[in-house]
>>> print(open('model.cif').read())   # mmCIF, C-alpha atoms
data_final
loop_
_atom_site.label_atom_id
_atom_site.label_comp_id
_atom_site.auth_asym_id
_atom_site.auth_seq_id
_atom_site.Cartn_x
_atom_site.Cartn_y
_atom_site.Cartn_z
CA MET A 29 48.69 -12.06 -61.34
CA SER A 30 45.02 -11.26 -61.11
CA SER A 31 42.32 -12.14 -58.56
CA ASP A 32 38.57 -11.88 -58.52
CA LEU A 33 36.91 -9.83 -55.80
CA ASP A 34 33.18 -9.75 -55.16
CA VAL A 35 31.94 -6.57 -53.50
CA PHE A 36 28.50 -6.00 -52.03
CA VAL A 37 27.43 -2.53 -50.94
CA GLY A 38 24.36 -1.85 -48.83
CA ASN A 39 23.14 0.69 -46.32
CA THR A 40 21.04 -1.49 -44.02
CA THR A 41 22.20 -1.17 -40.40
CA LEU A 42 23.10 -4.61 -39.10
CA ILE A 43 21.96 -5.48 -35.59
CA ASP A 44 23.46 -8.47 -33.81
CA GLU A 45 20.92 -9.49 -31.15
CA GLU A 46 23.53 -11.14 -28.94
CA VAL A 47 25.74 -8.04 -28.90
CA TYR A 48 22.68 -5.82 -28.30
CA ARG A 49 21.77 -7.94 -25.27
CA LEU A 50 25.33 -7.66 -23.92
CA TRP A 51 25.24 -3.88 -24.41
CA LEU A 52 21.85 -3.63 -22.66
CA ASP A 53 23.18 -5.73 -19.77
CA GLY A 54 25.87 -3.10 -19.25
CA HIS A 55 28.94 -5.09 -20.30
CA SER A 56 31.99 -3.25 -21.60
CA VAL A 57 33.36 -4.04 -25.06
CA ALA A 58 36.09 -6.23 -23.52
CA GLU A 59 33.54 -8.13 -21.42
CA ALA A 60 31.28 -8.58 -24.43
CA VAL A 61 34.16 -9.93 -26.53
CA ALA A 62 35.10 -12.37 -23.76
CA ARG A 63 31.52 -13.63 -23.52
CA ARG A 64 31.25 -14.03 -27.28
CA LEU A 65 34.51 -15.98 -27.29
CA ARG A 66 33.20 -18.30 -24.55
CA GLY A 67 30.06 -18.78 -26.63
CA GLY A 68 32.13 -20.26 -29.50
CA VAL A 69 31.63 -17.45 -32.03
CA LEU A 70 35.09 -17.96 -33.59
CA GLU A 71 34.31 -21.56 -34.45
CA ARG A 72 30.85 -20.74 -35.79
CA GLU A 73 31.91 -17.77 -37.90
CA GLY A 74 35.45 -18.82 -38.83
CA THR A 75 36.88 -15.43 -37.91
CA SER A 76 39.69 -14.04 -35.75
CA VAL A 77 39.80 -12.37 -32.33
CA ALA A 78 40.82 -9.07 -33.94
CA VAL A 79 37.81 -9.10 -36.27
CA LEU A 80 35.54 -10.04 -33.35
CA GLN A 81 36.85 -7.11 -31.30
CA SER A 82 36.34 -4.71 -34.20
CA ASP A 83 32.85 -6.06 -34.86
CA THR A 84 31.86 -5.66 -31.19
CA ARG A 85 33.20 -2.09 -31.04
CA ASP A 86 31.30 -1.20 -34.22
CA HIS A 87 28.07 -2.54 -32.77
CA TYR A 88 28.57 -0.68 -29.51
CA ARG A 89 29.13 2.59 -31.40
CA THR A 90 25.93 2.00 -33.36
CA PHE A 91 23.94 1.28 -30.20
CA GLN A 92 25.29 4.40 -28.51
CA MET A 93 24.19 6.51 -31.48
CA LEU A 94 20.80 4.81 -31.52
CA GLU A 95 20.24 5.34 -27.81
CA ARG A 96 19.19 8.99 -28.11
CA LEU A 97 16.52 7.85 -30.59
CA LEU A 98 15.40 5.06 -28.29
CA HIS A 99 14.64 7.67 -25.64
CA ALA A 100 11.80 8.81 -27.92
CA PRO A 101 10.96 5.77 -30.10
CA PRO A 102 8.80 7.62 -32.69
CA ARG A 103 11.99 9.46 -33.70
CA LEU A 104 13.59 6.11 -34.52
CA LEU A 105 10.81 5.45 -37.00
CA GLN A 106 11.09 8.91 -38.56
CA GLN A 107 14.88 9.20 -38.92
CA LEU A 108 16.69 8.31 -42.13
CA LEU A 109 20.29 7.91 -40.95
CA PHE A 110 19.90 4.27 -39.86
CA GLN A 111 18.18 2.02 -42.35
CA ILE A 112 16.59 -0.51 -40.02
CA PRO A 113 13.64 -2.71 -41.02
CA PRO A 114 10.42 -2.06 -39.00
CA GLU A 115 10.50 -5.42 -37.26
CA ARG A 116 14.08 -4.72 -36.16
CA GLN A 117 13.09 -1.28 -34.90
CA ALA A 118 10.32 -2.87 -32.81
CA LEU A 119 12.81 -5.36 -31.37
CA LEU A 120 15.27 -2.59 -30.45
CA VAL A 121 12.56 -0.61 -28.64
CA GLN A 122 11.02 -3.57 -26.85
CA ARG A 123 14.34 -4.88 -25.55
CA TYR A 124 15.57 -1.41 -24.59
CA TYR A 125 12.50 -0.86 -22.40
CA ALA A 126 12.28 -4.41 -21.07
CA PHE A 127 13.20 -4.54 -17.39
CA ASP A 128 14.23 -6.92 -14.66
CA GLU A 129 11.14 -7.62 -12.51
CA ALA A 130 13.23 -8.05 -9.36
CA LEU A 131 14.65 -4.54 -9.87
CA ALA A 132 11.19 -3.10 -10.58
CA ARG A 133 9.88 -4.81 -7.43
CA GLU A 134 12.65 -3.18 -5.39
CA LEU A 135 11.88 0.29 -6.77
CA LEU A 136 8.09 -0.02 -6.76
CA GLY A 137 6.41 2.77 -4.82
CA LYS A 138 9.61 4.77 -4.39
CA LYS A 139 10.05 8.28 -5.68
CA LEU A 140 11.87 8.21 -9.03
CA SER A 141 14.44 10.78 -7.91
CA LYS A 142 18.22 11.25 -7.83
CA GLY A 143 18.24 9.97 -4.26
CA THR A 144 16.69 6.68 -5.29
CA LYS A 145 19.06 6.42 -8.26
CA LYS A 146 22.02 6.67 -5.86
CA GLU A 147 20.77 3.52 -4.11
CA LEU A 148 21.18 1.49 -7.29
CA ASP A 149 24.76 0.47 -6.47
CA GLU A 150 23.44 -1.69 -3.64
CA VAL A 151 20.50 -2.95 -5.68
CA SER A 152 22.65 -3.88 -8.69
CA ALA A 153 24.81 -6.18 -6.58
CA ASN A 154 21.76 -8.40 -6.08
CA TRP A 155 20.52 -8.73 -9.67
CA VAL A 156 22.04 -6.97 -12.67
CA GLY A 157 24.97 -4.71 -13.47
CA ILE A 158 24.96 -1.07 -12.39
CA ARG A 159 24.85 0.25 -15.98
CA SER A 160 21.80 -1.86 -16.72
CA CYS A 161 20.18 -0.77 -13.44
CA ARG A 162 20.72 2.88 -14.30
CA ARG A 163 19.32 2.44 -17.80
CA GLN A 164 16.21 0.74 -16.44
CA PHE A 165 15.76 3.38 -13.74
CA ASP A 166 16.14 6.15 -16.32
CA ASN A 167 13.52 4.42 -18.48
CA PHE A 168 11.08 4.30 -15.55
CA LYS A 169 11.67 7.98 -14.86
CA ARG A 170 11.44 8.98 -18.55
CA VAL A 171 8.10 7.23 -18.97
CA PHE A 172 6.81 8.70 -15.71
CA LYS A 173 7.73 12.25 -16.73
CA ALA A 174 6.23 11.81 -20.19
CA VAL A 175 2.77 10.70 -19.01
CA GLU A 176 2.23 12.13 -15.54
CA GLU A 177 0.16 15.08 -16.80
CA LEU A 178 -1.49 13.43 -19.79
CA ARG A 179 -5.22 12.77 -19.91
CA GLY A 180 -6.60 9.30 -20.55
CA PRO A 181 -5.58 5.71 -19.77
CA LEU A 182 -1.97 5.41 -18.69
CA ALA A 183 -1.19 2.22 -20.60
CA GLU A 184 -2.58 3.61 -23.85
CA ASN A 185 -0.60 6.84 -23.47
CA ILE A 186 2.60 4.90 -22.79
CA GLN A 187 2.01 2.58 -25.72
CA GLN A 188 1.48 5.53 -28.05
CA LEU A 189 4.47 7.56 -26.86
CA PHE A 190 6.99 4.73 -26.54
CA LEU A 191 5.66 2.19 -29.07
CA LEU A 192 5.72 -0.62 -26.51
CA PRO A 193 3.80 -3.90 -26.74
CA PRO A 194 0.52 -3.77 -24.77
CA ALA A 195 1.70 -6.03 -21.92
CA LEU A 196 4.90 -4.03 -21.39
CA ALA A 197 2.96 -0.75 -21.56
CA ARG A 198 0.61 -2.05 -18.83
CA ASP A 199 3.59 -2.91 -16.63
CA TYR A 200 4.99 0.61 -17.06
CA ALA A 201 1.54 2.00 -16.25
CA ALA A 202 1.65 0.07 -12.96
CA ILE A 203 5.09 1.53 -12.17
CA VAL A 204 3.81 5.06 -12.85
CA PHE A 205 0.68 4.41 -10.75
CA PHE A 206 2.78 3.24 -7.79
CA ALA A 207 5.19 6.16 -8.15
CA ASN A 208 2.22 8.55 -8.02
CA SER A 209 0.50 7.00 -5.02
CA ARG A 210 3.69 5.97 -3.19
CA PHE A 211 2.24 2.72 -1.85
CA GLU A 212 4.38 0.94 0.72
CA THR A 213 5.79 -2.25 -0.80
CA GLY A 214 9.01 -2.80 1.15
CA LYS A 215 7.81 -4.05 4.53
CA ARG A 216 8.66 -7.59 5.51
CA ARG A 217 5.07 -8.83 5.52
CA LEU A 218 4.79 -7.78 1.85
CA GLN A 219 7.92 -9.54 0.62
CA PHE A 220 5.98 -12.59 -0.59
CA LEU A 221 4.32 -10.40 -3.23
CA SER A 222 6.03 -10.19 -6.63
CA PHE A 223 6.14 -7.33 -9.12
CA GLY A 224 3.50 -9.22 -11.12
CA ASP A 225 1.19 -9.32 -8.08
CA PHE A 226 1.49 -5.57 -7.52
CA ALA A 227 1.16 -4.79 -11.24
CA ALA A 228 -2.06 -6.81 -11.45
CA CYS A 229 -3.42 -4.93 -8.42
CA ALA A 230 -2.50 -1.58 -9.96
CA GLN A 231 -4.27 -2.50 -13.19
CA SER A 232 -7.43 -3.46 -11.29
CA MET A 233 -7.38 -0.25 -9.25
CA MET A 234 -6.91 1.87 -12.38
CA ALA A 235 -9.65 -0.05 -14.18
CA HIS A 236 -12.21 0.57 -11.43
CA TRP A 237 -11.06 3.62 -9.44
CA SER A 238 -9.20 5.94 -11.82
CA GLN A 239 -10.66 9.15 -13.19
CA GLY A 240 -11.01 7.53 -16.60
CA ALA A 241 -13.00 4.64 -15.13
CA LEU A 242 -15.27 6.96 -13.13
CA ALA A 243 -15.78 9.60 -15.83
CA PRO A 244 -14.22 8.78 -19.22
CA GLU A 245 -14.97 12.28 -20.50
CA ALA A 246 -13.10 13.97 -17.63
CA ALA A 247 -10.00 15.95 -18.60
CA GLU A 248 -7.81 14.56 -15.82
CA PRO A 249 -4.66 12.43 -15.73
CA ASP A 250 -5.36 8.75 -15.07
CA GLY A 251 -2.42 8.00 -12.77
CA ASP A 252 -3.87 9.42 -9.55
CA LEU A 253 -6.75 8.12 -7.46
CA PRO A 254 -9.49 10.80 -7.66
CA LYS A 255 -9.92 12.59 -4.34
CA SER A 256 -13.67 12.81 -4.81
CA PHE A 257 -13.92 9.04 -5.17
CA LEU A 258 -11.77 8.43 -2.09
CA GLN A 259 -13.92 10.88 -0.15
CA ASP A 260 -17.08 9.08 -1.25
CA LEU A 261 -15.73 5.79 0.11
CA LYS A 262 -16.40 7.09 3.63
CA GLU A 263 -20.10 6.61 2.87
CA LEU A 264 -19.54 2.86 2.85
CA LYS A 265 -18.73 2.83 6.56
CA VAL A 266 -22.45 2.64 7.23
CA LEU A 267 -22.19 -1.09 6.44
CA VAL A 268 -20.20 -1.63 9.64
CA SER A 269 -21.23 1.35 11.79
CA ASP A 270 -24.97 0.58 11.55
CA LYS A 271 -25.53 -2.55 13.66
CA ASP A 272 -28.71 -3.54 11.82
CA LEU A 273 -27.03 -3.32 8.42
CA LEU A 274 -24.00 -5.25 9.68
CA ASP A 275 -26.21 -8.01 11.10
CA GLN A 276 -28.32 -8.20 7.93
CA HIS A 277 -25.21 -8.27 5.74
CA LYS A 278 -23.78 -11.13 7.81
CA SER A 279 -27.08 -13.02 7.66
CA LEU A 280 -27.30 -12.75 3.87
CA VAL A 281 -23.71 -13.82 3.25
CA CYS A 282 -23.78 -16.71 5.71
CA ALA A 283 -27.07 -17.99 4.31
CA ALA A 284 -25.60 -17.96 0.80
CA LEU A 285 -22.40 -19.75 1.83
CA ARG A 286 -23.70 -22.36 4.27
CA GLY A 287 -22.45 -25.72 3.06
CA LYS A 288 -20.47 -24.18 0.19
CA ILE A 289 -17.16 -23.25 1.82
CA SER A 290 -14.86 -25.28 4.04
CA VAL A 291 -14.40 -22.48 6.58
CA TYR A 292 -18.04 -21.66 7.25
CA ASN A 293 -17.68 -21.76 11.05
CA GLU A 294 -14.67 -19.44 10.93
CA LEU A 295 -16.54 -17.08 8.60
CA GLU A 296 -19.57 -16.95 10.88
CA ALA A 297 -17.41 -16.28 13.94
CA ASN A 298 -15.21 -13.64 12.30
CA PHE A 299 -17.55 -12.02 9.76
CA LYS A 300 -17.89 -8.69 11.56
CA ALA A 301 -14.13 -8.25 12.06
CA LEU A 302 -13.49 -9.19 8.44
CA SER A 303 -16.18 -6.83 7.16
CA ARG A 304 -14.86 -3.94 9.25
CA ALA A 305 -11.39 -4.55 7.83
CA LEU A 306 -12.63 -4.59 4.23
CA VAL A 307 -14.74 -1.46 4.61
CA ASN A 308 -12.30 0.54 6.71
CA VAL A 309 -9.38 0.02 4.31
CA GLY A 310 -11.29 2.17 1.82
CA GLY A 311 -12.71 4.59 4.36
CA LYS A 312 -9.21 5.69 5.38
CA LEU A 313 -7.87 6.41 1.89
CA THR A 314 -8.43 10.17 2.16
CA HIS A 315 -5.25 10.35 4.26
CA ALA A 316 -1.90 10.07 2.50
CA ARG A 317 -0.41 7.79 5.14
CA ASP A 318 -3.35 5.38 4.89
CA VAL A 319 -3.06 5.35 1.10
CA ARG A 320 0.59 4.43 1.54
CA ASP A 321 -0.37 1.55 3.88
CA PHE A 322 -3.12 0.18 1.62
CA PHE A 323 -1.39 -3.12 0.82
CA VAL A 324 -0.03 -3.48 4.35
CA ASP A 325 -3.60 -3.21 5.68
CA LEU A 326 -4.95 -5.75 3.18
CA VAL A 327 -2.30 -8.27 4.17
CA GLU A 328 -2.43 -7.64 7.92
CA LYS A 329 -6.19 -7.37 8.35
CA VAL A 330 -7.59 -9.67 5.67
CA ILE A 331 -5.05 -12.02 4.10
CA GLU A 332 -3.20 -13.09 7.24
CA PRO A 333 -6.38 -13.82 9.28
CA CYS A 334 -7.81 -15.83 6.35
CA ARG A 335 -4.57 -17.71 5.93
CA SER A 336 -4.50 -18.43 9.66
CA ASP A 337 -8.01 -19.93 9.44
CA LYS A 338 -6.96 -22.08 6.44
CA TRP A 339 -9.15 -20.39 3.83
CA SER A 340 -8.55 -21.73 0.33
CA PRO A 341 -8.41 -19.33 -2.65
CA GLY A 342 -11.74 -20.81 -3.69
CA ASP A 343 -13.26 -20.02 -0.30
CA LEU A 344 -12.05 -16.45 -0.54
CA ARG A 345 -13.35 -16.03 -4.08
CA LEU A 346 -16.80 -17.35 -3.17
CA PHE A 347 -16.97 -15.21 -0.04
CA LEU A 348 -16.00 -12.03 -1.89
CA THR A 349 -18.58 -12.70 -4.60
CA HIS A 350 -21.46 -13.04 -2.13
CA TYR A 351 -20.11 -10.36 0.21
CA THR A 352 -20.10 -7.85 -2.65
CA ALA A 353 -23.53 -8.84 -3.98
CA ALA A 354 -25.43 -9.04 -0.66
CA PRO A 355 -25.91 -5.27 -0.07
CA ARG A 356 -28.24 -5.18 -3.09
CA ASN A 357 -30.78 -6.76 -0.75
CA LEU A 358 -30.19 -4.37 2.15
CA PRO A 359 -33.12 -1.90 2.06
CA GLY A 360 -31.29 0.80 4.03
CA PHE A 361 -28.16 0.83 1.86
CA ARG A 362 -28.04 3.48 -0.89
CA HIS A 363 -24.52 3.25 -2.26
CA GLN A 364 -24.60 0.02 -4.26
CA ALA A 365 -22.83 1.35 -7.38
CA LEU A 366 -20.02 2.87 -5.31
CA TRP A 367 -19.77 -0.32 -3.25
CA GLU A 368 -19.48 -2.61 -6.27
CA ARG A 369 -16.85 -0.39 -7.90
CA TYR A 370 -14.87 -0.34 -4.66
CA MET A 371 -15.13 -4.10 -4.09
CA ALA A 372 -14.30 -4.96 -7.70
CA ALA A 373 -10.75 -3.65 -7.18
CA ILE A 374 -10.46 -4.89 -3.59
CA SER A 375 -11.54 -8.39 -4.61
CA ALA A 376 -9.15 -8.49 -7.57
CA CYS A 377 -6.27 -7.39 -5.35
CA LEU A 378 -7.03 -9.89 -2.60
CA LEU A 379 -7.42 -12.81 -4.99
CA ARG A 380 -4.14 -11.96 -6.69
CA MET A 381 -2.32 -11.48 -3.38
CA TYR A 382 -3.73 -14.52 -1.60
CA HIS A 383 -1.04 -17.20 -1.51
CA GLU A 384 -1.90 -20.19 0.66
#
>>> encode(input="model.cif", output="structure tokens")
Amino acid sequence: MSSDLDVFVGNTTLIDEEVYRLWLDGHSVAEAVARRLRGGVLEREGTSVAVLQSDTRDHYRTFQMLERLLHAPPRLLQQLLFQIPPERQALLVQRYYAFDEALARELLGKKLSKGTKKELDEVSANWVGIRSCRRQFDNFKRVFKAVEELRGPLAENIQQLFLLPPALARDYAAIVFFANSRFETGKRRLQFLSFGDFAACAQSMMAHWSQGALAPEAAEPDGDLPKSFLQDLKELKVLVSDKDLLDQHKSLVCAALRGKISVYNELEANFKALSRALVNVGGKLTHARDVRDFFVDLVEKVIEPCRSDKWSPGDLRLFLTHYTAAPRNLPGFRHQALWERYMAAISACLLRMYHE
């Protein structure tokens, strides 16, 4: 009795996206098999439970061997052991470094240390499994360590070292920026702000205040706020300490906004307090504690008073535009370039953070 048998031999490493997702989510082999069974894989593929278990184990072994290469993605491209098409390699890297925004929001501004990692048991109960939490935390820490001393734009360095898509690289740059500056993000009055809000603020601050933005040729890392710039911000206090300048500034802004915003009376009554808040937030940034409270101060001293007076986002946008531009017409003010650079980031942060 004879039978025909077709055999196909290849060396391309097969990647099942569903099993990869289950592995990334931290499920054990048994849990992954159970989930695949509930998803109807036996009916779709016409296979048995034993084959499904073997297939899942094989994939998990492959992912575990690939993981050391995923820690340094350029090595994945250079190795020859796993024959994986380029588009599949990109998918593996992108999904390995993707993260849960709720977890990132919880960790934002904290030191990426062993102590913080020990807190993940409590965090994981709220969002994702502990294995996935640890992987994501380790990714944050790995990226931070890789770029903290590098010169140049953070996002570009991360994209080059870890082969991440631009948007994901920018999010990691925000995480590194917050880890460097240790901004307070956990207080109750800040809980309405999402990871996306903070990431957008970080990107604006890096774009306008970082060493690369101030002096592109400077041989300094881009993740820290330059001390010289923060020291210079004290010069802006003249806008609120000099009564004549403060009065002239108010006059210019109110004249430009009369009849154009719905909260004109509130603006006119509260202009000086609002201006002092905006200027003093920057003037205090030479002290580590005040840097840490940067977002707390913006919410407490600017956003909450505006919200209380029923400012619309459009009112705030128009005010900030004219408030920033008015000092060009103040004859005694000599720091216009510094002022506009400072207010560019402040305005972007406030407009992103302002939720009616």
>>> residues_around(input="model.cif", residues="Tyr382 (chain A)", least_positions_apart="3", cutoff="12 Å", atoms="only C-alpha atoms", output="ChimeraX atom specification")
/A:218,220-222,225-226,229,323,326-328,330-336,338-345,374-379
>>> closest_atom_pairs(input="model.cif", of="region 161-207 of chain A", to="region 105-118 of chain A", cutoff="9 Å", atoms="all atoms listed in the file", output="JSON lines")
{"residue": "A:Leu191", "atom": "CA", "partner": "A:Ala118", "partner_atom": "CA", "distance": 7.8}
{"residue": "A:Leu192", "atom": "CA", "partner": "A:Ala118", "partner_atom": "CA", "distance": 8.1}
{"residue": "A:Pro193", "atom": "CA", "partner": "A:Ala118", "partner_atom": "CA", "distance": 9.0}
>>> closest_residue(input="model.cif", among="A:Phe190, A:Tyr292, A:Phe165, A:Tyr370", to="Lys139 (chain A)", atoms="all atoms listed in the file")
A:Phe165
>>> resolve_selection(input="model.cif", expression="the PyMOL selection byres ((chain A and resi 304-318) around 8)", output="tab-separated table (two decimals) with C-alpha atoms, keeping the file's coordinate frame")
chain	number	residue	atom	x	y	z
A	255	LYS	CA	-9.92	12.59	-4.34
A	258	LEU	CA	-11.77	8.43	-2.09
A	259	GLN	CA	-13.92	10.88	-0.15
A	261	LEU	CA	-15.73	5.79	0.11
A	262	LYS	CA	-16.40	7.09	3.63
A	263	GLU	CA	-20.10	6.61	2.87
A	264	LEU	CA	-19.54	2.86	2.85
A	265	LYS	CA	-18.73	2.83	6.56
A	267	LEU	CA	-22.19	-1.09	6.44
A	268	VAL	CA	-20.20	-1.63	9.64
A	300	LYS	CA	-17.89	-8.69	11.56
A	301	ALA	CA	-14.13	-8.25	12.06
A	302	LEU	CA	-13.49	-9.19	8.44
A	303	SER	CA	-16.18	-6.83	7.16
A	319	VAL	CA	-3.06	5.35	1.10
A	320	ARG	CA	0.59	4.43	1.54
A	321	ASP	CA	-0.37	1.55	3.88
A	322	PHE	CA	-3.12	0.18	1.62
A	325	ASP	CA	-3.60	-3.21	5.68
A	326	LEU	CA	-4.95	-5.75	3.18
A	329	LYS	CA	-6.19	-7.37	8.35
A	330	VAL	CA	-7.59	-9.67	5.67
A	370	TYR	CA	-14.87	-0.34	-4.66
>>> closest_atom_pairs(input="model.cif", of="region 201-228 of chain A", to="region 172-180 of chain A", cutoff="9 Å", atoms="only C-alpha atoms", output="Markdown table")
| residue | atom | partner | partner_atom | distance |
| --- | --- | --- | --- | --- |
| A:Ala201 | CA | A:Phe172 | CA | 8.5 |
| A:Ile203 | CA | A:Phe172 | CA | 8.2 |
| A:Val204 | CA | A:Phe172 | CA | 5.5 |
| A:Phe205 | CA | A:Phe172 | CA | 9.0 |
| A:Ala207 | CA | A:Phe172 | CA | 8.1 |
| A:Asn208 | CA | A:Glu176 | CA | 8.3 |
>>> atom_distance(input="model.cif", atom1="CA of Leu140 (chain A)", atom2="CA of Lys169 (chain A)")
5.8 Å
>>> decode(input="model.cif", residues="region 196-216 of chain A", atoms="N, CA, C and O atoms", output="PDB file, in the first residue's frame")
ATOM      1  N   LEU A 196       5.570  56.995  18.346  1.00  0.00           N
ATOM      2  CA  LEU A 196       5.937  56.226  19.532  1.00  0.00           C
ATOM      3  C   LEU A 196       7.256  56.731  20.105  1.00  0.00           C
ATOM      4  O   LEU A 196       7.426  56.811  21.333  1.00  0.00           O
ATOM      5  N   ALA A 197       8.196  57.089  19.250  1.00  0.00           N
ATOM      6  CA  ALA A 197       9.472  57.650  19.715  1.00  0.00           C
ATOM      7  C   ALA A 197       9.243  58.960  20.473  1.00  0.00           C
ATOM      8  O   ALA A 197       9.888  59.224  21.492  1.00  0.00           O
ATOM      9  N   ARG A 198       8.306  59.788  19.991  1.00  0.00           N
ATOM     10  CA  ARG A 198       8.004  61.049  20.689  1.00  0.00           C
ATOM     11  C   ARG A 198       7.391  60.786  22.059  1.00  0.00           C
ATOM     12  O   ARG A 198       7.681  61.495  23.028  1.00  0.00           O
ATOM     13  N   ASP A 199       6.556  59.749  22.163  1.00  0.00           N
ATOM     14  CA  ASP A 199       5.977  59.415  23.463  1.00  0.00           C
ATOM     15  C   ASP A 199       7.063  58.946  24.437  1.00  0.00           C
ATOM     16  O   ASP A 199       7.043  59.304  25.620  1.00  0.00           O
ATOM     17  N   TYR A 200       7.996  58.139  23.956  1.00  0.00           N
ATOM     18  CA  TYR A 200       9.104  57.719  24.819  1.00  0.00           C
ATOM     19  C   TYR A 200       9.972  58.915  25.208  1.00  0.00           C
ATOM     20  O   TYR A 200      10.483  58.990  26.336  1.00  0.00           O
ATOM     21  N   ALA A 201      10.153  59.863  24.291  1.00  0.00           N
ATOM     22  CA  ALA A 201      10.917  61.068  24.614  1.00  0.00           C
ATOM     23  C   ALA A 201      10.247  61.828  25.760  1.00  0.00           C
ATOM     24  O   ALA A 201      10.923  62.350  26.660  1.00  0.00           O
ATOM     25  N   ALA A 202       8.922  61.892  25.751  1.00  0.00           N
ATOM     26  CA  ALA A 202       8.192  62.557  26.829  1.00  0.00           C
ATOM     27  C   ALA A 202       8.411  61.831  28.160  1.00  0.00           C
ATOM     28  O   ALA A 202       8.598  62.472  29.203  1.00  0.00           O
ATOM     29  N   ILE A 203       8.407  60.502  28.135  1.00  0.00           N
ATOM     30  CA  ILE A 203       8.635  59.729  29.358  1.00  0.00           C
ATOM     31  C   ILE A 203      10.027  59.997  29.908  1.00  0.00           C
ATOM     32  O   ILE A 203      10.222  60.193  31.122  1.00  0.00           O
ATOM     33  N   VAL A 204      11.029  60.025  29.028  1.00  0.00           N
ATOM     34  CA  VAL A 204      12.405  60.317  29.448  1.00  0.00           C
ATOM     35  C   VAL A 204      12.493  61.730  30.012  1.00  0.00           C
ATOM     36  O   VAL A 204      13.139  61.968  31.047  1.00  0.00           O
ATOM     37  N   PHE A 205      11.865  62.689  29.351  1.00  0.00           N
ATOM     38  CA  PHE A 205      11.879  64.089  29.789  1.00  0.00           C
ATOM     39  C   PHE A 205      11.285  64.215  31.185  1.00  0.00           C
ATOM     40  O   PHE A 205      11.839  64.897  32.054  1.00  0.00           O
ATOM     41  N   PHE A 206      10.162  63.553  31.429  1.00  0.00           N
ATOM     42  CA  PHE A 206       9.542  63.608  32.751  1.00  0.00           C
ATOM     43  C   PHE A 206      10.400  62.902  33.800  1.00  0.00           C
ATOM     44  O   PHE A 206      10.475  63.348  34.942  1.00  0.00           O
ATOM     45  N   ALA A 207      11.021  61.803  33.431  1.00  0.00           N
ATOM     46  CA  ALA A 207      11.882  61.085  34.380  1.00  0.00           C
ATOM     47  C   ALA A 207      13.086  61.938  34.763  1.00  0.00           C
ATOM     48  O   ALA A 207      13.560  61.882  35.903  1.00  0.00           O
ATOM     49  N   ASN A 208      13.589  62.729  33.819  1.00  0.00           N
ATOM     50  CA  ASN A 208      14.716  63.617  34.110  1.00  0.00           C
ATOM     51  C   ASN A 208      14.321  64.745  35.039  1.00  0.00           C
ATOM     52  O   ASN A 208      15.018  65.051  36.011  1.00  0.00           O
ATOM     53  N   SER A 209      13.193  65.393  34.741  1.00  0.00           N
ATOM     54  CA  SER A 209      12.807  66.598  35.477  1.00  0.00           C
ATOM     55  C   SER A 209      11.975  66.297  36.713  1.00  0.00           C
ATOM     56  O   SER A 209      11.800  67.171  37.568  1.00  0.00           O
ATOM     57  N   ARG A 210      11.437  65.073  36.792  1.00  0.00           N
ATOM     58  CA  ARG A 210      10.676  64.625  37.962  1.00  0.00           C
ATOM     59  C   ARG A 210       9.481  65.528  38.271  1.00  0.00           C
ATOM     60  O   ARG A 210       9.224  65.878  39.429  1.00  0.00           O
ATOM     61  N   PHE A 211       8.755  65.928  37.241  1.00  0.00           N
ATOM     62  CA  PHE A 211       7.567  66.747  37.450  1.00  0.00           C
ATOM     63  C   PHE A 211       6.529  65.984  38.267  1.00  0.00           C
ATOM     64  O   PHE A 211       6.330  64.790  38.064  1.00  0.00           O
ATOM     65  N   GLU A 212       5.862  66.678  39.150  1.00  0.00           N
ATOM     66  CA  GLU A 212       4.758  66.098  39.903  1.00  0.00           C
ATOM     67  C   GLU A 212       3.567  65.901  38.970  1.00  0.00           C
ATOM     68  O   GLU A 212       3.135  66.818  38.282  1.00  0.00           O
ATOM     69  N   THR A 213       3.047  64.673  38.931  1.00  0.00           N
ATOM     70  CA  THR A 213       1.871  64.395  38.101  1.00  0.00           C
ATOM     71  C   THR A 213       0.781  63.662  38.876  1.00  0.00           C
ATOM     72  O   THR A 213      -0.291  63.415  38.332  1.00  0.00           O
ATOM     73  N   GLY A 214       1.059  63.309  40.131  1.00  0.00           N
ATOM     74  CA  GLY A 214       0.152  62.420  40.852  1.00  0.00           C
ATOM     75  C   GLY A 214      -0.870  63.096  41.744  1.00  0.00           C
ATOM     76  O   GLY A 214      -1.764  62.429  42.260  1.00  0.00           O
ATOM     77  N   LYS A 215      -0.762  64.415  41.945  1.00  0.00           N
ATOM     78  CA  LYS A 215      -1.686  65.072  42.860  1.00  0.00           C
ATOM     79  C   LYS A 215      -3.104  65.073  42.305  1.00  0.00           C
ATOM     80  O   LYS A 215      -3.329  65.038  41.105  1.00  0.00           O
ATOM     81  N   ARG A 216      -4.054  65.137  43.238  1.00  0.00           N
ATOM     82  CA  ARG A 216      -5.455  64.999  42.856  1.00  0.00           C
ATOM     83  C   ARG A 216      -5.884  66.027  41.821  1.00  0.00           C
ATOM     84  O   ARG A 216      -6.625  65.711  40.885  1.00  0.00           O
TER      85      ARG A 216
END
